[in-house]
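Source file: query-v7.txt; contents: compact mmCIF, C-alpha atoms and all ligand atoms.
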```txt
# COMPACT_ATOMS: atom_id res chain seq x y z
CA MET A 227 -34.27 -5.79 289.06
CA ARG A 228 -36.17 -9.05 289.43
CA VAL A 229 -36.00 -10.96 292.70
CA LEU A 230 -37.42 -14.37 293.62
CA GLN A 231 -38.19 -15.17 297.26
CA LEU A 232 -38.43 -18.81 298.29
CA THR A 233 -39.12 -19.72 301.88
CA ASP A 234 -39.79 -22.52 304.36
CA LEU A 235 -38.67 -25.48 302.27
CA HIS A 236 -38.51 -27.88 305.26
CA ILE A 237 -36.57 -30.58 303.41
CA PHE A 238 -35.79 -33.96 304.98
CA CYS A 239 -32.70 -36.00 304.18
CA GLU A 240 -34.98 -38.95 303.30
CA PRO A 241 -36.30 -38.06 299.82
CA GLY A 242 -39.90 -39.24 300.26
CA LYS A 243 -40.43 -38.26 303.88
CA THR A 244 -43.53 -36.17 304.51
CA LEU A 245 -44.35 -33.32 306.88
CA HIS A 246 -47.97 -33.87 307.94
CA ASN A 247 -48.53 -35.71 304.65
CA ILE A 248 -46.75 -33.12 302.47
CA PRO A 249 -43.66 -34.55 300.71
CA THR A 250 -41.68 -31.36 301.12
CA ARG A 251 -38.87 -32.32 298.74
CA GLU A 252 -41.29 -33.18 295.93
CA SER A 253 -43.20 -29.99 296.59
CA MET A 254 -39.99 -27.91 296.45
CA LEU A 255 -39.06 -29.60 293.17
CA ASP A 256 -42.53 -28.83 291.77
CA VAL A 257 -41.97 -25.15 292.60
CA VAL A 258 -38.53 -25.19 290.98
CA GLU A 259 -39.98 -26.88 287.90
CA HIS A 260 -42.68 -24.20 287.73
CA LEU A 261 -39.92 -21.57 287.71
CA ARG A 262 -37.70 -23.38 285.21
CA GLY A 263 -36.13 -21.08 282.64
CA GLN A 264 -36.97 -17.87 284.49
CA GLN A 265 -34.14 -15.43 285.05
CA PHE A 266 -33.67 -13.51 288.28
CA ASP A 267 -31.12 -10.98 289.43
CA HIS A 268 -31.34 -12.42 292.94
CA VAL A 269 -32.91 -15.52 294.47
CA ILE A 270 -33.39 -15.16 298.21
CA VAL A 271 -34.26 -17.99 300.60
CA THR A 272 -35.71 -16.64 303.83
CA GLY A 273 -35.06 -19.61 306.07
CA ASP A 274 -36.23 -23.05 307.12
CA HIS A 275 -34.22 -24.65 304.32
CA THR A 276 -34.61 -28.01 306.04
CA HIS A 277 -36.80 -29.61 308.66
CA ASP A 278 -34.16 -31.93 310.11
CA GLU A 279 -31.07 -29.69 309.77
CA MET A 280 -29.08 -32.55 308.23
CA PRO A 281 -26.22 -31.95 305.73
CA ALA A 282 -27.92 -34.18 303.11
CA SER A 283 -31.04 -32.03 303.33
CA TYR A 284 -29.05 -28.85 302.65
CA ARG A 285 -27.34 -30.60 299.73
CA ALA A 286 -30.78 -31.47 298.29
CA VAL A 287 -31.74 -27.80 298.51
CA ARG A 288 -28.48 -26.83 296.83
CA ASP A 289 -29.05 -29.31 294.00
CA ALA A 290 -32.59 -28.01 293.44
CA LEU A 291 -31.47 -24.36 293.36
CA ALA A 292 -28.45 -25.01 291.12
CA PRO A 293 -29.85 -22.91 288.21
CA TRP A 294 -29.65 -19.81 290.40
CA MET A 295 -26.59 -20.60 292.52
CA SER A 296 -24.65 -17.59 291.22
CA CYS A 297 -27.32 -15.17 292.48
CA LEU A 298 -28.45 -16.99 295.64
CA ALA A 299 -28.66 -15.21 299.01
CA GLN A 300 -29.87 -16.79 302.23
CA VAL A 301 -30.87 -16.18 305.81
CA PRO A 302 -31.69 -18.89 308.37
CA GLY A 303 -35.01 -19.68 310.00
CA ASN A 304 -35.71 -21.53 313.20
CA HIS A 305 -35.36 -24.83 311.32
CA ASP A 306 -31.78 -24.18 310.24
CA ASP A 307 -28.28 -24.93 311.48
CA ARG A 308 -25.96 -22.05 310.65
CA ALA A 309 -22.79 -24.13 310.56
CA ILE A 310 -24.20 -26.81 308.24
CA LEU A 311 -25.91 -24.26 306.01
CA ARG A 312 -22.61 -22.38 305.79
CA GLU A 313 -20.65 -25.57 305.04
CA VAL A 314 -22.96 -26.73 302.23
CA PHE A 315 -23.28 -23.23 300.73
CA ALA A 316 -19.64 -22.29 301.42
CA ASP A 317 -19.39 -20.30 298.18
CA ARG A 318 -22.53 -18.26 298.98
CA VAL A 319 -22.34 -17.64 302.75
CA SER A 320 -19.42 -15.78 304.33
CA GLY A 321 -18.20 -16.05 307.90
CA THR A 322 -17.45 -19.09 309.99
CA ALA A 323 -19.29 -21.76 311.98
CA HIS A 324 -22.21 -20.40 314.00
CA GLU A 325 -21.77 -16.70 313.14
CA PRO A 326 -24.92 -14.99 311.85
CA VAL A 327 -25.85 -15.86 308.25
CA ARG A 328 -26.82 -12.58 306.61
CA PHE A 329 -26.11 -10.48 303.54
CA SER A 330 -26.11 -6.99 302.07
CA ILE A 331 -26.18 -6.45 298.32
CA ASP A 332 -26.00 -3.01 296.69
CA HIS A 333 -27.55 -3.20 293.23
CA ASP A 334 -28.99 -0.51 290.93
CA GLY A 335 -29.78 1.94 293.71
CA TRP A 336 -31.29 -0.70 295.96
CA LEU A 337 -29.76 -2.28 299.05
CA LEU A 338 -30.98 -5.82 299.70
CA VAL A 339 -30.36 -6.72 303.33
CA GLY A 340 -30.80 -10.17 304.86
CA LEU A 341 -31.09 -10.43 308.65
CA ASP A 342 -30.41 -13.49 310.78
CA THR A 343 -33.19 -13.88 313.38
CA HIS A 344 -32.32 -17.48 314.27
CA LEU A 345 -32.38 -18.22 317.99
CA PRO A 346 -30.81 -21.63 318.63
CA GLY A 347 -33.26 -24.07 320.17
CA GLU A 348 -36.25 -21.75 319.78
CA VAL A 349 -39.10 -21.49 317.26
CA SER A 350 -39.38 -17.76 317.81
CA GLY A 351 -36.69 -15.34 316.59
CA VAL A 352 -34.75 -12.34 317.75
CA PHE A 353 -33.33 -9.08 316.41
CA ASP A 354 -30.69 -8.34 319.02
CA GLU A 355 -28.25 -5.52 319.69
CA GLU A 356 -25.44 -7.11 317.67
CA GLN A 357 -27.78 -7.41 314.70
CA GLY A 358 -28.87 -3.80 315.16
CA ASN A 359 -25.27 -2.59 315.21
CA TRP A 360 -24.50 -4.59 312.05
CA LEU A 361 -27.57 -3.22 310.27
CA GLU A 362 -26.77 0.37 311.23
CA GLU A 363 -23.24 -0.06 309.92
CA VAL A 364 -24.43 -1.58 306.63
CA LEU A 365 -27.00 1.18 306.10
CA SER A 366 -24.49 3.91 306.89
CA GLN A 367 -22.13 2.60 304.20
CA SER A 368 -24.71 2.43 301.41
CA GLN A 369 -25.54 5.24 298.99
CA CYS A 370 -28.71 3.42 297.86
CA HIS A 371 -32.00 5.24 297.44
CA SER A 372 -34.14 2.31 298.65
CA ILE A 373 -33.81 -0.71 300.92
CA ALA A 374 -35.49 -4.13 300.79
CA VAL A 375 -35.17 -6.18 303.98
CA PHE A 376 -35.38 -9.98 304.13
CA LEU A 377 -35.72 -12.01 307.33
CA HIS A 378 -37.38 -15.21 308.47
CA HIS A 379 -39.59 -14.01 311.34
CA PRO A 380 -42.13 -11.26 310.55
CA PRO A 381 -41.42 -8.14 312.64
CA CYS A 382 -45.13 -7.62 313.35
CA ASP A 383 -48.12 -9.71 314.36
CA VAL A 384 -50.08 -11.38 311.57
CA GLY A 385 -53.28 -11.67 313.64
CA SER A 386 -53.12 -15.43 314.10
CA PRO A 387 -52.54 -16.03 317.84
CA TRP A 388 -50.52 -19.23 317.59
CA MET A 389 -48.24 -17.77 314.90
CA ASP A 390 -47.82 -14.51 316.78
CA ALA A 391 -46.76 -16.46 319.86
CA ILE A 392 -43.69 -17.70 317.96
CA GLY A 393 -42.78 -14.32 316.46
CA LEU A 394 -39.85 -11.92 316.61
CA SER A 395 -38.53 -10.24 319.72
CA GLY A 396 -36.53 -7.06 319.29
CA ARG A 397 -38.96 -5.80 316.64
CA ASP A 398 -39.00 -2.33 318.21
CA GLU A 399 -35.24 -2.11 317.72
CA LEU A 400 -35.55 -3.14 314.08
CA GLN A 401 -38.30 -0.59 313.56
CA SER A 402 -36.17 2.08 315.19
CA VAL A 403 -33.14 1.41 312.95
CA LEU A 404 -35.25 1.35 309.78
CA THR A 405 -37.36 4.41 310.52
CA GLU A 406 -34.31 6.42 311.55
CA ASP A 407 -32.68 5.59 308.22
CA GLY A 408 -35.88 6.23 306.25
CA ARG A 409 -35.00 4.35 303.06
CA ALA A 410 -36.67 0.96 303.73
CA LYS A 411 -39.44 0.37 301.15
CA LEU A 412 -40.39 -3.22 301.89
CA ILE A 413 -39.76 -6.12 304.26
CA CYS A 414 -40.16 -9.73 303.10
CA CYS A 415 -40.48 -12.64 305.53
CA GLY A 416 -41.33 -16.32 305.83
CA HIS A 417 -42.09 -18.39 308.94
CA VAL A 418 -45.91 -18.12 308.79
CA HIS A 419 -46.31 -20.32 305.67
CA HIS A 420 -48.96 -18.03 304.22
CA GLU A 421 -49.29 -14.71 302.41
CA PHE A 422 -49.95 -11.72 304.66
CA GLN A 423 -49.62 -7.99 303.89
CA LEU A 424 -48.79 -5.97 306.98
CA GLN A 425 -46.96 -2.80 308.00
CA LEU A 426 -44.12 -1.90 310.35
CA ALA A 427 -44.31 1.82 311.08
CA GLY A 428 -45.66 2.41 307.57
CA ILE A 429 -43.15 0.11 305.85
CA PRO A 430 -44.97 -2.64 303.89
CA VAL A 431 -44.29 -6.12 305.28
CA TYR A 432 -44.99 -9.16 303.11
CA THR A 433 -44.98 -12.80 304.11
CA THR A 434 -44.77 -15.59 301.58
CA PRO A 435 -46.16 -19.14 301.26
CA SER A 436 -43.93 -22.12 301.89
CA THR A 437 -42.71 -24.22 299.00
CA GLY A 438 -44.16 -27.13 301.01
CA ILE A 439 -46.79 -27.17 303.75
CA GLN A 440 -49.24 -24.27 304.13
CA PHE A 441 -50.63 -22.86 307.39
CA HIS A 442 -54.23 -21.74 307.71
CA PRO A 443 -54.17 -17.94 308.16
CA ASP A 444 -57.11 -17.66 310.52
CA SER A 445 -56.87 -20.11 313.39
CA ASP A 446 -56.31 -19.88 317.14
CA SER A 447 -54.32 -23.10 317.10
CA PRO A 448 -51.97 -24.73 314.57
CA ARG A 449 -53.91 -25.76 311.48
CA PHE A 450 -52.83 -26.60 307.93
CA ASP A 451 -54.37 -25.24 304.76
CA GLU A 452 -55.28 -27.07 301.56
CA VAL A 453 -53.77 -24.56 299.16
CA ALA A 454 -50.95 -24.93 296.67
CA PRO A 455 -47.33 -24.06 297.51
CA GLY A 456 -45.87 -20.87 296.13
CA TYR A 457 -43.25 -18.16 296.03
CA ARG A 458 -42.93 -14.38 295.73
CA ILE A 459 -41.76 -12.31 292.79
CA ILE A 460 -40.42 -8.82 293.56
CA GLU A 461 -39.69 -6.21 290.87
CA LEU A 462 -37.55 -3.34 292.15
CA HIS A 463 -37.54 -0.10 290.13
CA ASP A 464 -35.95 3.33 290.45
CA ASP A 465 -39.24 4.74 291.69
CA GLY A 466 -40.72 1.88 293.69
CA PHE A 467 -41.53 -1.80 293.54
CA GLN A 468 -44.16 -4.37 292.64
CA THR A 469 -44.59 -7.75 294.24
CA GLU A 470 -46.93 -10.71 293.98
CA VAL A 471 -47.27 -14.22 295.32
CA VAL A 472 -47.55 -16.97 292.74
CA ARG A 473 -48.98 -20.31 293.78
CA LEU A 474 -48.73 -23.48 291.73
CA PRO A 475 -51.85 -24.10 289.60
CA GLU A 476 -52.99 -27.24 291.43
CA VAL A 477 -53.18 -28.61 294.96
CA LYS A 478 -51.16 -31.78 294.47
CA TYR A 479 -50.66 -32.72 298.11
CA VAL A 480 -53.23 -32.40 300.91
CA PRO A 481 -52.04 -32.12 304.52
CA VAL A 482 -53.48 -34.22 307.29
CA ARG A 483 -55.79 -32.31 309.60
CA ASP A 484 -53.50 -32.40 312.53
CA SER A 485 -51.88 -30.12 315.04
CA LEU A 486 -48.21 -29.25 314.83
FE FE B 501 -41.14 -22.82 308.43
```
What does this structure look like when you write it as structure tokens?
Amino acid sequence: MRVLQLTDLHIFCEPGKTLHNIPTRESMLDVVEHLRGQQFDHVIVTGDHTHDEMPASYRAVRDALAPWMSCLAQVPGNHDDRAILREVFADRVSGTAHEPVRFSIDHDGWLLVGLDTHLPGEVSGVFDEEQGNWLEEVLSQSQCHSIAVFLHHPPCDVGSPWMDAIGLSGRDELQSVLTEDGRAKLICCGHVHHEFQLQLAGIPVYTTPSTGIQFHPDSDSPRFDEVAPGYRIIELHDDGFQTEVVRLPEVKYVPVRDSL
């Protein structure tokens, strides 16, 4: 099974608008062009679809991802509006209005689970009791041999103080549910706009570059990085998985040296 993870698109409704000098829509389209013709069993967006949370921005994301609409799954980030996301992707996202946007997909022995860590009005995220109850229920109903978890906020520190200050609360609860079940093989996240490889109680945790602006991985304060945008490819097998980040071959847009 071949899975594509895209994350942190940060699209504006104005087509040419930039985020610290990065035209996020153009950058997203460059990533999509780089992927053109590739087939995936699932394409998963792990949040921050837009920067302005406007309907037109979500529609631009939908247009760009049209080749994979039939296999698209999504969770929100801090820069998302559940109701608008749900309205624009009505055929992909179940539930109503501001209910959590999450998914569970049983496929070839794997369970792909998407968690909603969005906390309205906050940059940080949360895994709360309701989410824990939902996850326990989903896991209890699956006969899968392995689980891949997708969420916006990494459930562990990445070692960059300013990023860790806007991290996930309730991570101990998530760890508890996953370790009790014992089938989770990997966790894939966004939010930190850079590739990190971490662990949560022995479960590999991967973060993935943004399709737009990149954060510097080693800074005490917000700082942007002059590296190309990218995405993550995940191959899930009967006996394990492989994953890699792919960045575009050139740095087309350079961010301003600025704080967030
Ligand atoms: Fe983001």
Return as JSON the centre and edge lengths, in Å with one decimal, of the box along x, y and z that encloses every atom of region 323-331 of chain A in the file, padded by 5 Å per side.
```
{"center_x": -23.1, "center_y": -14.1, "center_z": 306.2, "size_x": 17.5, "size_y": 25.3, "size_z": 25.7}
```
Surroundings of ligand FE 501 (chain B) up to 10 Å, based on only C-alpha atoms and all ligand atoms, as a list in words = Thr233, Asp234, Leu235, His236, Thr272, Gly273, Asp274, His275, Thr276, His277, Gly303, Asn304, His305, Asp306, Val349, His378, His379, Gly416, His417, Val418, His419, Pro435, Ser436, Thr437, Gly438, Ile439, Gln440 and Phe441 of chain A
Residues within 9 Å of Arg409 (chain A), all atoms listed in the file, excluding chain neighbours under 3 positions, as a list in words =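 Once the adjacent positions are removed, what remains is Cys370, His371, Ser372, Ile373, Ala374, Leu404, Thr405 and Glu406 of chain A.
CA of Asp332 (chain A) is positioned 13.3 Å from CA of Asp464 (chain A).
In this structure, CA of Asp307 (chain A) sits 29.4 Å away from CA of Ser366 (chain A).
Nearest residue to His344 (chain A) among A:Ala391, A:Leu377, A:Val471, A:Val384 is A:Leu377, counting all atoms listed in the file.
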note - CA of Cys297 (chain A) and CA of Met254 (chain A) are separated by 18.4 Å
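Checking A:Gly347, A:Pro281, A:Pro387, A:Pro249 one by one against Lys478 (chain A), counting only C-alpha atoms, you find the shortest gap at A:Pro249.
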Residue among A:Ser445, A:Thr343, A:Ser350, A:Gln300 lying closest to Gln231 (chain A), counting only C-alpha atoms |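 Looking only at the distances to Gln231 (chain A), the closest residue turns out to be A:Gln300.
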From the coordinates I just gave you, please extract region 271-293 of chain A so that only N, CA, C and O atoms remain, then output it as a compact mmCIF listing (two decimals), in the first residue's frame.
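This is the output file result_38.txt:
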```
# COMPACT_ATOMS: atom_id res chain seq x y z
N VAL A 271 -3.75 14.48 4.11
CA VAL A 271 -3.33 15.84 4.45
C VAL A 271 -3.42 15.99 5.96
O VAL A 271 -4.50 15.84 6.55
N THR A 272 -2.28 16.29 6.58
CA THR A 272 -2.26 16.38 8.05
C THR A 272 -2.31 17.84 8.53
O THR A 272 -1.52 18.28 9.35
N GLY A 273 -3.25 18.58 7.98
CA GLY A 273 -3.61 19.86 8.57
C GLY A 273 -2.92 21.10 8.04
O GLY A 273 -1.99 21.03 7.26
N ASP A 274 -3.45 22.25 8.49
CA ASP A 274 -3.06 23.56 7.99
C ASP A 274 -3.23 23.61 6.47
O ASP A 274 -2.33 24.01 5.73
N HIS A 275 -4.44 23.25 6.03
CA HIS A 275 -4.77 23.34 4.61
C HIS A 275 -4.64 24.77 4.12
O HIS A 275 -4.20 25.03 3.01
N THR A 276 -5.08 25.71 4.98
CA THR A 276 -5.08 27.12 4.58
C THR A 276 -4.38 27.94 5.66
O THR A 276 -4.16 27.47 6.79
N HIS A 277 -4.07 29.19 5.30
CA HIS A 277 -3.54 30.10 6.32
C HIS A 277 -4.62 31.04 6.82
O HIS A 277 -4.55 31.52 7.94
N ASP A 278 -5.61 31.31 5.95
CA ASP A 278 -6.64 32.30 6.29
C ASP A 278 -7.99 31.67 6.61
O ASP A 278 -8.94 32.37 6.95
N GLU A 279 -8.10 30.35 6.45
CA GLU A 279 -9.34 29.62 6.78
C GLU A 279 -10.54 30.14 6.01
O GLU A 279 -11.67 30.14 6.53
N MET A 280 -10.32 30.56 4.77
CA MET A 280 -11.40 31.07 3.92
C MET A 280 -11.89 29.97 2.98
O MET A 280 -11.09 29.15 2.51
N PRO A 281 -13.20 29.95 2.66
CA PRO A 281 -13.73 28.91 1.75
C PRO A 281 -12.97 28.84 0.42
O PRO A 281 -12.69 27.74 -0.08
N ALA A 282 -12.61 30.00 -0.15
CA ALA A 282 -11.92 29.99 -1.44
C ALA A 282 -10.55 29.32 -1.34
O ALA A 282 -10.07 28.73 -2.31
N SER A 283 -9.93 29.41 -0.18
CA SER A 283 -8.63 28.78 0.02
C SER A 283 -8.79 27.25 0.03
O SER A 283 -7.99 26.52 -0.56
N TYR A 284 -9.82 26.78 0.73
CA TYR A 284 -10.08 25.33 0.73
C TYR A 284 -10.44 24.83 -0.67
O TYR A 284 -10.03 23.73 -1.06
N ARG A 285 -11.16 25.66 -1.42
CA ARG A 285 -11.51 25.25 -2.80
C ARG A 285 -10.25 25.16 -3.66
O ARG A 285 -10.14 24.28 -4.52
N ALA A 286 -9.29 26.05 -3.42
CA ALA A 286 -8.02 25.99 -4.18
C ALA A 286 -7.26 24.70 -3.85
O ALA A 286 -6.66 24.08 -4.73
N VAL A 287 -7.30 24.30 -2.59
CA VAL A 287 -6.66 23.04 -2.19
C VAL A 287 -7.37 21.88 -2.88
O VAL A 287 -6.73 20.97 -3.43
N ARG A 288 -8.69 21.93 -2.86
CA ARG A 288 -9.47 20.85 -3.49
C ARG A 288 -9.15 20.73 -4.99
O ARG A 288 -8.96 19.63 -5.51
N ASP A 289 -9.08 21.87 -5.66
CA ASP A 289 -8.76 21.86 -7.09
C ASP A 289 -7.38 21.23 -7.32
O ASP A 289 -7.19 20.45 -8.25
N ALA A 290 -6.42 21.62 -6.49
CA ALA A 290 -5.05 21.11 -6.68
C ALA A 290 -4.97 19.61 -6.45
O ALA A 290 -4.21 18.91 -7.12
N LEU A 291 -5.77 19.11 -5.50
CA LEU A 291 -5.69 17.68 -5.13
C LEU A 291 -6.70 16.83 -5.90
O LEU A 291 -6.88 15.64 -5.59
N ALA A 292 -7.33 17.41 -6.91
CA ALA A 292 -8.37 16.70 -7.67
C ALA A 292 -7.94 15.32 -8.18
O ALA A 292 -8.74 14.39 -8.15
N PRO A 293 -6.67 15.14 -8.62
CA PRO A 293 -6.29 13.81 -9.12
C PRO A 293 -6.43 12.69 -8.09
O PRO A 293 -6.52 11.53 -8.46
```
